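*Asks:* You'll find work20.cif just under this line, and it carries mmCIF, N, CA and C atoms.
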data_start
loop_
_atom_site.label_atom_id
_atom_site.label_comp_id
_atom_site.auth_asym_id
_atom_site.auth_seq_id
_atom_site.Cartn_x
_atom_site.Cartn_y
_atom_site.Cartn_z
N MET Y 1 181.21 114.87 76.51
CA MET Y 1 181.18 114.68 77.94
C MET Y 1 180.20 115.66 78.57
N THR Y 2 179.46 115.18 79.59
CA THR Y 2 178.48 116.05 80.23
C THR Y 2 179.14 116.92 81.27
N LYS Y 3 178.45 118.02 81.55
CA LYS Y 3 178.99 118.93 82.55
C LYS Y 3 178.88 118.30 83.92
N ARG Y 4 179.87 118.55 84.74
CA ARG Y 4 179.83 118.12 86.13
C ARG Y 4 180.27 119.28 86.98
N GLY Y 5 179.91 119.19 88.27
CA GLY Y 5 180.32 120.24 89.17
C GLY Y 5 179.11 120.79 89.90
N TYR Y 6 179.19 122.08 90.21
CA TYR Y 6 178.13 122.72 90.98
C TYR Y 6 176.80 122.63 90.23
N LYS Y 7 175.77 122.07 90.90
CA LYS Y 7 174.42 121.87 90.37
C LYS Y 7 174.37 120.90 89.19
N ASN Y 8 175.41 120.16 88.97
CA ASN Y 8 175.44 119.16 87.91
C ASN Y 8 176.12 117.89 88.43
N PRO Y 9 175.42 117.11 89.26
CA PRO Y 9 176.05 115.90 89.79
C PRO Y 9 176.16 114.82 88.71
N PRO Y 10 177.04 113.85 88.90
CA PRO Y 10 177.14 112.75 87.93
C PRO Y 10 175.83 111.99 87.84
N LYS Y 11 175.54 111.38 86.71
CA LYS Y 11 174.28 110.66 86.49
C LYS Y 11 174.04 109.61 87.56
N ALA Y 12 175.07 108.93 88.03
CA ALA Y 12 174.92 107.86 89.01
C ALA Y 12 174.41 108.40 90.35
N HIS Y 13 174.65 109.67 90.61
CA HIS Y 13 174.25 110.25 91.90
C HIS Y 13 173.02 111.15 91.80
N GLN Y 14 172.45 111.24 90.62
CA GLN Y 14 171.24 112.05 90.47
C GLN Y 14 170.03 111.23 90.94
N PHE Y 15 168.96 111.94 91.31
CA PHE Y 15 167.74 111.26 91.74
C PHE Y 15 167.18 110.47 90.56
N LYS Y 16 166.69 109.28 90.86
CA LYS Y 16 166.07 108.47 89.82
C LYS Y 16 164.69 109.07 89.51
N LYS Y 17 164.23 108.87 88.29
CA LYS Y 17 162.94 109.40 87.90
C LYS Y 17 161.85 108.77 88.76
N GLY Y 18 160.93 109.61 89.27
CA GLY Y 18 159.82 109.14 90.09
C GLY Y 18 160.18 108.91 91.54
N LYS Y 19 161.43 109.13 91.91
CA LYS Y 19 161.86 108.94 93.30
C LYS Y 19 162.17 110.30 93.91
N SER Y 20 161.79 110.46 95.14
CA SER Y 20 162.05 111.71 95.85
C SER Y 20 163.48 111.72 96.37
N GLY Y 21 163.96 112.87 96.67
CA GLY Y 21 165.28 112.99 97.26
C GLY Y 21 165.24 112.63 98.74
N ASN Y 22 164.05 112.56 99.29
CA ASN Y 22 163.91 112.22 100.71
C ASN Y 22 162.81 111.15 100.82
N PRO Y 23 163.15 109.89 100.49
CA PRO Y 23 162.11 108.88 100.38
C PRO Y 23 161.31 108.65 101.67
N LYS Y 24 161.97 108.71 102.80
CA LYS Y 24 161.22 108.53 104.06
C LYS Y 24 160.44 109.78 104.40
N GLY Y 25 160.94 110.89 103.99
CA GLY Y 25 160.23 112.14 104.22
C GLY Y 25 160.22 112.57 105.67
N ARG Y 26 159.59 113.68 105.87
CA ARG Y 26 159.45 114.20 107.23
C ARG Y 26 158.44 113.34 107.97
N PRO Y 27 158.72 113.00 109.24
CA PRO Y 27 157.76 112.18 109.97
C PRO Y 27 156.43 112.89 110.13
N ARG Y 28 155.36 112.14 110.03
CA ARG Y 28 154.04 112.73 110.17
C ARG Y 28 153.82 113.18 111.61
N LYS Y 29 152.96 114.14 111.75
CA LYS Y 29 152.62 114.65 113.06
C LYS Y 29 151.80 113.59 113.79
N LYS Y 30 152.09 113.36 115.06
CA LYS Y 30 151.31 112.40 115.81
C LYS Y 30 149.91 112.95 116.04
N LYS Y 31 148.92 112.08 115.87
CA LYS Y 31 147.54 112.51 116.07
C LYS Y 31 147.26 112.67 117.56
N GLN Y 32 146.54 113.71 117.86
CA GLN Y 32 146.07 113.89 119.23
C GLN Y 32 144.91 112.93 119.43
N SER Y 33 144.95 112.15 120.52
CA SER Y 33 143.87 111.20 120.73
C SER Y 33 142.58 111.92 121.07
N SER Y 34 142.68 113.09 121.66
CA SER Y 34 141.48 113.88 121.92
C SER Y 34 141.89 115.31 122.14
N SER Y 35 140.96 116.22 121.97
CA SER Y 35 141.28 117.63 122.15
C SER Y 35 141.28 118.01 123.62
N ASP Y 36 140.71 117.16 124.48
CA ASP Y 36 140.63 117.45 125.90
C ASP Y 36 141.69 116.64 126.64
N PRO Y 37 142.70 117.30 127.22
CA PRO Y 37 143.75 116.56 127.91
C PRO Y 37 143.22 115.79 129.13
N GLY Y 38 142.12 116.25 129.70
CA GLY Y 38 141.54 115.56 130.84
C GLY Y 38 141.06 114.16 130.45
N LEU Y 39 140.53 114.03 129.23
CA LEU Y 39 140.08 112.72 128.78
C LEU Y 39 141.26 111.79 128.57
N ASP Y 40 142.37 112.32 128.08
CA ASP Y 40 143.58 111.51 127.91
C ASP Y 40 144.06 111.00 129.26
N LEU Y 41 144.02 111.85 130.26
CA LEU Y 41 144.45 111.46 131.60
C LEU Y 41 143.55 110.37 132.14
N ILE Y 42 142.26 110.52 131.97
CA ILE Y 42 141.32 109.51 132.48
C ILE Y 42 141.55 108.18 131.78
N ALA Y 43 141.74 108.22 130.46
CA ALA Y 43 142.00 106.98 129.71
C ALA Y 43 143.30 106.33 130.18
N SER Y 44 144.29 107.14 130.44
CA SER Y 44 145.57 106.62 130.91
C SER Y 44 145.43 105.97 132.29
N VAL Y 45 144.66 106.60 133.16
CA VAL Y 45 144.43 106.04 134.50
C VAL Y 45 143.69 104.72 134.39
N HIS Y 46 142.68 104.65 133.51
CA HIS Y 46 141.94 103.40 133.33
C HIS Y 46 142.85 102.29 132.81
N ARG Y 47 143.73 102.62 131.86
CA ARG Y 47 144.67 101.62 131.35
C ARG Y 47 145.58 101.11 132.47
N GLU Y 48 146.06 102.03 133.28
CA GLU Y 48 146.97 101.65 134.36
C GLU Y 48 146.26 100.81 135.42
N LEU Y 49 145.01 101.14 135.72
CA LEU Y 49 144.28 100.37 136.74
C LEU Y 49 143.93 98.96 136.26
N ARG Y 50 143.89 98.73 134.95
CA ARG Y 50 143.61 97.39 134.43
C ARG Y 50 144.83 96.48 134.49
N LYS Y 51 146.01 97.06 134.63
CA LYS Y 51 147.23 96.25 134.71
C LYS Y 51 147.22 95.47 136.02
N SER Y 52 147.99 94.38 136.06
CA SER Y 52 147.99 93.54 137.25
C SER Y 52 149.28 93.68 138.04
N VAL Y 53 149.17 93.37 139.32
CA VAL Y 53 150.31 93.37 140.23
C VAL Y 53 150.26 92.09 141.05
N PHE Y 54 151.39 91.71 141.60
CA PHE Y 54 151.46 90.55 142.47
C PHE Y 54 151.45 91.03 143.91
N VAL Y 55 150.59 90.42 144.71
CA VAL Y 55 150.50 90.77 146.13
C VAL Y 55 150.67 89.50 146.95
N GLN Y 56 151.02 89.70 148.21
CA GLN Y 56 151.18 88.57 149.11
C GLN Y 56 150.15 88.71 150.22
N GLU Y 57 149.26 87.73 150.32
CA GLU Y 57 148.25 87.71 151.37
C GLU Y 57 148.36 86.39 152.10
N ASN Y 58 148.51 86.47 153.40
CA ASN Y 58 148.63 85.26 154.24
C ASN Y 58 149.71 84.32 153.73
N GLY Y 59 150.83 84.88 153.30
CA GLY Y 59 151.95 84.08 152.85
C GLY Y 59 151.82 83.53 151.44
N LYS Y 60 150.73 83.83 150.75
CA LYS Y 60 150.54 83.33 149.39
C LYS Y 60 150.62 84.49 148.40
N HIS Y 61 151.27 84.24 147.28
CA HIS Y 61 151.37 85.24 146.21
C HIS Y 61 150.21 85.04 145.25
N ARG Y 62 149.60 86.14 144.86
CA ARG Y 62 148.56 86.06 143.85
C ARG Y 62 148.57 87.33 143.01
N GLU Y 63 148.00 87.23 141.83
CA GLU Y 63 147.99 88.34 140.89
C GLU Y 63 146.59 88.97 140.88
N ILE Y 64 146.54 90.29 141.11
CA ILE Y 64 145.27 91.01 141.07
C ILE Y 64 145.46 92.30 140.29
N SER Y 65 144.36 92.91 139.87
CA SER Y 65 144.47 94.16 139.14
C SER Y 65 144.84 95.28 140.11
N LYS Y 66 145.39 96.35 139.57
CA LYS Y 66 145.76 97.49 140.41
C LYS Y 66 144.53 98.11 141.04
N LEU Y 67 143.41 98.06 140.33
CA LEU Y 67 142.16 98.59 140.89
C LEU Y 67 141.74 97.79 142.12
N ASP Y 68 141.85 96.46 142.05
CA ASP Y 68 141.52 95.64 143.20
C ASP Y 68 142.49 95.90 144.36
N ALA Y 69 143.75 96.08 144.04
CA ALA Y 69 144.74 96.38 145.08
C ALA Y 69 144.44 97.73 145.74
N PHE Y 70 144.07 98.71 144.92
CA PHE Y 70 143.71 100.03 145.44
C PHE Y 70 142.50 99.93 146.35
N SER Y 71 141.49 99.17 145.92
CA SER Y 71 140.27 99.02 146.70
C SER Y 71 140.57 98.34 148.03
N ALA Y 72 141.39 97.31 148.00
CA ALA Y 72 141.75 96.60 149.23
C ALA Y 72 142.48 97.53 150.21
N GLN Y 73 143.41 98.33 149.67
CA GLN Y 73 144.14 99.28 150.52
C GLN Y 73 143.20 100.33 151.11
N LEU Y 74 142.28 100.81 150.29
CA LEU Y 74 141.34 101.84 150.73
C LEU Y 74 140.49 101.32 151.88
N VAL Y 75 139.96 100.12 151.73
CA VAL Y 75 139.11 99.55 152.78
C VAL Y 75 139.94 99.26 154.03
N ALA Y 76 141.14 98.70 153.85
CA ALA Y 76 141.98 98.36 155.00
C ALA Y 76 142.36 99.61 155.79
N GLN Y 77 142.74 100.68 155.10
CA GLN Y 77 143.12 101.90 155.79
C GLN Y 77 141.92 102.58 156.43
N SER Y 78 140.74 102.45 155.81
CA SER Y 78 139.52 103.01 156.39
C SER Y 78 139.18 102.31 157.69
N VAL Y 79 139.30 100.99 157.69
CA VAL Y 79 138.99 100.20 158.88
C VAL Y 79 140.00 100.51 160.00
N ASN Y 80 141.24 100.77 159.62
CA ASN Y 80 142.27 101.07 160.62
C ASN Y 80 142.15 102.48 161.17
N GLY Y 81 141.21 103.28 160.67
CA GLY Y 81 140.93 104.58 161.26
C GLY Y 81 141.56 105.77 160.58
N LYS Y 82 142.00 105.64 159.36
CA LYS Y 82 142.59 106.78 158.67
C LYS Y 82 141.45 107.65 158.12
N PRO Y 83 141.26 108.87 158.66
CA PRO Y 83 140.09 109.69 158.31
C PRO Y 83 139.97 110.03 156.82
N SER Y 84 141.09 110.32 156.16
CA SER Y 84 141.01 110.69 154.75
C SER Y 84 140.50 109.52 153.90
N GLN Y 85 140.94 108.30 154.24
CA GLN Y 85 140.50 107.13 153.50
C GLN Y 85 139.04 106.81 153.81
N GLN Y 86 138.63 107.04 155.07
CA GLN Y 86 137.24 106.83 155.43
C GLN Y 86 136.33 107.77 154.64
N LYS Y 87 136.76 109.02 154.52
CA LYS Y 87 135.98 110.01 153.78
C LYS Y 87 135.86 109.60 152.31
N MET Y 88 136.98 109.15 151.71
CA MET Y 88 136.98 108.75 150.31
C MET Y 88 136.07 107.54 150.11
N LEU Y 89 136.15 106.57 151.01
CA LEU Y 89 135.33 105.37 150.90
C LEU Y 89 133.85 105.72 151.01
N LEU Y 90 133.51 106.57 151.97
CA LEU Y 90 132.11 106.97 152.13
C LEU Y 90 131.60 107.73 150.91
N SER Y 91 132.43 108.60 150.34
CA SER Y 91 131.99 109.34 149.16
C SER Y 91 131.79 108.40 147.97
N LEU Y 92 132.64 107.37 147.83
CA LEU Y 92 132.45 106.39 146.76
C LEU Y 92 131.16 105.60 146.95
N LEU Y 93 130.89 105.23 148.20
CA LEU Y 93 129.66 104.49 148.48
C LEU Y 93 128.43 105.36 148.23
N MET Y 94 128.50 106.63 148.59
CA MET Y 94 127.38 107.54 148.35
C MET Y 94 127.18 107.76 146.86
N LEU Y 95 128.26 107.85 146.11
CA LEU Y 95 128.18 108.01 144.66
C LEU Y 95 127.47 106.82 144.04
N ASP Y 96 127.82 105.61 144.48
CA ASP Y 96 127.18 104.40 143.97
C ASP Y 96 125.70 104.40 144.30
N THR Y 97 125.36 104.78 145.53
CA THR Y 97 123.96 104.82 145.95
C THR Y 97 123.20 105.87 145.14
N HIS Y 98 123.84 107.01 144.90
CA HIS Y 98 123.21 108.09 144.14
C HIS Y 98 122.91 107.64 142.71
N GLU Y 99 123.86 106.94 142.08
CA GLU Y 99 123.67 106.46 140.71
C GLU Y 99 122.53 105.46 140.64
N GLU Y 100 122.47 104.57 141.64
CA GLU Y 100 121.41 103.57 141.66
C GLU Y 100 120.05 104.24 141.83
N THR Y 101 119.97 105.23 142.72
CA THR Y 101 118.72 105.96 142.94
C THR Y 101 118.34 106.73 141.68
N GLU Y 102 119.33 107.30 141.01
CA GLU Y 102 119.07 108.06 139.79
C GLU Y 102 118.50 107.15 138.70
N LYS Y 103 119.02 105.92 138.57
CA LYS Y 103 118.51 104.98 137.59
C LYS Y 103 117.05 104.63 137.88
N GLN Y 104 116.75 104.38 139.16
CA GLN Y 104 115.37 104.04 139.54
C GLN Y 104 114.45 105.21 139.25
N THR Y 105 114.89 106.42 139.58
CA THR Y 105 114.08 107.60 139.34
C THR Y 105 113.84 107.78 137.85
N LEU Y 106 114.86 107.57 137.05
CA LEU Y 106 114.73 107.70 135.60
C LEU Y 106 113.72 106.69 135.05
N GLU Y 107 113.79 105.46 135.53
CA GLU Y 107 112.83 104.44 135.08
C GLU Y 107 111.41 104.83 135.48
N GLN Y 108 111.24 105.35 136.70
CA GLN Y 108 109.92 105.77 137.15
C GLN Y 108 109.40 106.92 136.29
N LEU Y 109 110.30 107.87 135.98
CA LEU Y 109 109.89 109.00 135.15
C LEU Y 109 109.49 108.54 133.76
N LYS Y 110 110.24 107.60 133.21
CA LYS Y 110 109.92 107.11 131.87
C LYS Y 110 108.53 106.48 131.85
N SER Y 111 108.25 105.64 132.84
CA SER Y 111 106.93 104.99 132.86
C SER Y 111 105.83 106.02 133.11
N HIS Y 112 106.10 107.01 133.97
CA HIS Y 112 105.13 108.06 134.26
C HIS Y 112 104.89 108.90 133.00
N ASP Y 113 105.97 109.22 132.29
CA ASP Y 113 105.85 109.99 131.04
C ASP Y 113 105.05 109.23 130.00
N GLU Y 114 105.29 107.93 129.88
CA GLU Y 114 104.54 107.13 128.92
C GLU Y 114 103.05 107.15 129.27
N ASP Y 115 102.73 107.04 130.56
CA ASP Y 115 101.33 107.09 130.97
C ASP Y 115 100.71 108.43 130.61
N LEU Y 116 101.44 109.52 130.89
CA LEU Y 116 100.92 110.85 130.57
C LEU Y 116 100.73 111.04 129.06
N LEU Y 117 101.69 110.58 128.28
CA LEU Y 117 101.58 110.71 126.82
C LEU Y 117 100.41 109.89 126.28
N ASN Y 118 100.22 108.69 126.81
CA ASN Y 118 99.09 107.87 126.38
C ASN Y 118 97.77 108.55 126.72
N GLU Y 119 97.70 109.10 127.93
CA GLU Y 119 96.48 109.80 128.35
C GLU Y 119 96.22 111.02 127.46
N LEU Y 120 97.26 111.79 127.17
CA LEU Y 120 97.14 112.97 126.32
C LEU Y 120 96.71 112.56 124.91
N TYR Y 121 97.27 111.49 124.39
CA TYR Y 121 96.92 111.00 123.06
C TYR Y 121 95.45 110.61 123.00
N GLU Y 122 94.99 109.92 124.05
CA GLU Y 122 93.57 109.53 124.10
C GLU Y 122 92.67 110.76 124.15
N GLN Y 123 93.06 111.77 124.94
CA GLN Y 123 92.26 113.00 125.03
C GLN Y 123 92.22 113.72 123.69
N LEU Y 124 93.34 113.78 123.02
CA LEU Y 124 93.38 114.44 121.71
C LEU Y 124 92.53 113.69 120.70
N ASN Y 125 92.57 112.38 120.74
CA ASN Y 125 91.73 111.59 119.83
C ASN Y 125 90.26 111.83 120.13
N ALA Y 126 89.91 111.92 121.41
CA ALA Y 126 88.51 112.15 121.79
C ALA Y 126 88.06 113.53 121.32
N ILE Y 127 88.92 114.53 121.45
CA ILE Y 127 88.59 115.89 121.00
C ILE Y 127 88.46 115.90 119.48
N GLY Y 128 89.34 115.21 118.80
CA GLY Y 128 89.32 115.15 117.35
C GLY Y 128 88.06 114.49 116.82
N ASP Y 129 87.53 113.52 117.57
CA ASP Y 129 86.32 112.84 117.14
C ASP Y 129 85.08 113.69 117.38
N ASP Y 130 85.08 114.55 118.43
CA ASP Y 130 83.91 115.34 118.80
C ASP Y 130 83.74 116.59 117.95
N THR Y 131 84.81 117.20 117.49
CA THR Y 131 84.71 118.48 116.78
C THR Y 131 84.70 118.26 115.29
N PRO Y 132 83.89 119.04 114.56
CA PRO Y 132 83.90 118.92 113.10
C PRO Y 132 85.18 119.54 112.54
N ASP Y 133 85.69 118.97 111.50
CA ASP Y 133 86.93 119.45 110.88
C ASP Y 133 86.57 120.37 109.73
N ASP Y 134 87.12 121.62 109.76
CA ASP Y 134 86.80 122.59 108.70
C ASP Y 134 87.85 122.57 107.59
N GLY Y 135 88.73 121.58 107.59
CA GLY Y 135 89.65 121.43 106.48
C GLY Y 135 91.01 122.06 106.70
N ASP Y 136 91.18 122.87 107.78
CA ASP Y 136 92.49 123.48 107.99
C ASP Y 136 93.36 122.65 108.92
N GLY Y 137 92.86 121.55 109.43
CA GLY Y 137 93.66 120.68 110.28
C GLY Y 137 93.69 121.13 111.72
N LEU Y 138 93.04 122.23 112.03
CA LEU Y 138 93.03 122.74 113.40
C LEU Y 138 91.63 122.58 113.96
N GLY Y 139 91.56 122.38 115.25
CA GLY Y 139 90.25 122.27 115.91
C GLY Y 139 89.60 123.63 115.95
N SER Y 140 88.29 123.67 116.12
CA SER Y 140 87.57 124.93 116.14
C SER Y 140 87.18 125.32 117.55
N ASP Y 141 88.05 125.04 118.54
CA ASP Y 141 87.73 125.34 119.92
C ASP Y 141 88.21 126.73 120.33
N VAL Y 142 88.66 127.56 119.40
CA VAL Y 142 89.10 128.92 119.69
C VAL Y 142 87.96 129.86 119.35
N ASP Y 143 87.55 130.70 120.31
CA ASP Y 143 86.48 131.66 120.08
C ASP Y 143 87.03 132.87 119.34
N ASP Y 144 86.27 133.33 118.32
CA ASP Y 144 86.72 134.50 117.55
C ASP Y 144 86.17 135.76 118.09
#
So, in terms of structure tokens, how does the structure I just supplied come out?
*Replies:*
Amino acid sequence: MTKRGYKNPPKAHQFKKGKSGNPKGRPRKKKQSSSDPGLDLIASVHRELRKSVFVQENGKHREISKLDAFSAQLVAQSVNGKPSQQKMLLSLLMLDTHEETEKQTLEQLKSHDEDLLNELYEQLNAIGDDTPDDGDGLGSDVDD
């Protein structure tokens, strides 16, 4: 007969070979979606604004996104003379105008930069054609 008792459980109650004593194990740590909590908040706000709500306009029920409902409230309160909402609406409009102007400026700069680079390339090619090459890859326009 085999020993039983302290540290010697019966064979039927011993762990099976290859099986852990805690098959489910400790739950894994939840992954952080990002190291910046501000980004998590922004993502959460975006998710919430995409959800829909039911509103009643002129006696009719319709479903719109929370962002559309927020925008409608903002404009309505601005028109009714609420200064804080007017300020927010104006700042949003200025932000949109600023982004549009920034895009136009960026496009203008890109085309201007391309023109300058093309002009510089042509000048360098012209200089390279005029000066004799002494084999070191550098032009000889430096006085010794």
*Asks:* Just give me the gap between atom CA of Asp68 of chain Y and atom CA of Ser52 of chain Y in Å, one decimal is fine.
*Replies:* 9.0 Å
*Asks:* Set the distance at 10 Å and use only C-alpha atoms: which residues neighbour segment 41-49 of chain Y once local chain neighbours fewer than 2 positions away are removed? I'd like the list as a PyMOL selection string.
*Replies:* chain Y and resi 36-39+51-53+65-70
*Asks:* Could you save those same residues with N, CA and C atoms as a short mmCIF file (atom, residue, chain, number, x, y, z; two decimals), in the coordinates of the input?
*Replies:*
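Listed below is the output, selection.cif:
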data_model
loop_
_atom_site.label_atom_id
_atom_site.label_comp_id
_atom_site.auth_asym_id
_atom_site.auth_seq_id
_atom_site.Cartn_x
_atom_site.Cartn_y
_atom_site.Cartn_z
N ASP Y 36 140.71 117.16 124.48
CA ASP Y 36 140.63 117.45 125.90
C ASP Y 36 141.69 116.64 126.64
N PRO Y 37 142.70 117.30 127.22
CA PRO Y 37 143.75 116.56 127.91
C PRO Y 37 143.22 115.79 129.13
N GLY Y 38 142.12 116.25 129.70
CA GLY Y 38 141.54 115.56 130.84
C GLY Y 38 141.06 114.16 130.45
N LEU Y 39 140.53 114.03 129.23
CA LEU Y 39 140.08 112.72 128.78
C LEU Y 39 141.26 111.79 128.57
N LYS Y 51 146.01 97.06 134.63
CA LYS Y 51 147.23 96.25 134.71
C LYS Y 51 147.22 95.47 136.02
N SER Y 52 147.99 94.38 136.06
CA SER Y 52 147.99 93.54 137.25
C SER Y 52 149.28 93.68 138.04
N VAL Y 53 149.17 93.37 139.32
CA VAL Y 53 150.31 93.37 140.23
C VAL Y 53 150.26 92.09 141.05
N SER Y 65 144.36 92.91 139.87
CA SER Y 65 144.47 94.16 139.14
C SER Y 65 144.84 95.28 140.11
N LYS Y 66 145.39 96.35 139.57
CA LYS Y 66 145.76 97.49 140.41
C LYS Y 66 144.53 98.11 141.04
N LEU Y 67 143.41 98.06 140.33
CA LEU Y 67 142.16 98.59 140.89
C LEU Y 67 141.74 97.79 142.12
N ASP Y 68 141.85 96.46 142.05
CA ASP Y 68 141.52 95.64 143.20
C ASP Y 68 142.49 95.90 144.36
N ALA Y 69 143.75 96.08 144.04
CA ALA Y 69 144.74 96.38 145.08
C ALA Y 69 144.44 97.73 145.74
N PHE Y 70 144.07 98.71 144.92
CA PHE Y 70 143.71 100.03 145.44
C PHE Y 70 142.50 99.93 146.35
#
*Asks:* For a test of reading the model, state the distance in Å between atom CA of Leu89 of chain Y and atom CA of Val75 of chain Y, rounded to one decimal.
*Replies:*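 Between these atoms lies a distance of 7.2 Å.
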*Asks:* When you draw a straight line from atom C of Lys16 of chain Y to atom CA of Arg4 of chain Y, how long is it in Å?
*Replies:*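 Interatomic distance, atom C of Lys16 of chain Y to atom CA of Arg4 of chain Y: 18.0 Å.
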*Asks:* Run DSSP on the backbone and grab whatever in segment 28-76 of chain Y lands in alpha helix (DSSP H); send it over as a list of chain:residue names.
*Replies:*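 DSSP on the backbone gives alpha helix (DSSP H) at Y:Pro37, Y:Gly38, Y:Leu39, Y:Asp40, Y:Leu41, Y:Ile42, Y:Ala43, Y:Ser44, Y:Val45, Y:His46, Y:Arg47, Y:Glu48, Y:Leu49, Y:Arg50, Y:Lys66, Y:Leu67, Y:Asp68, Y:Ala69, Y:Phe70, Y:Ser71, Y:Ala72, Y:Gln73, Y:Leu74, Y:Val75, Y:Ala76.
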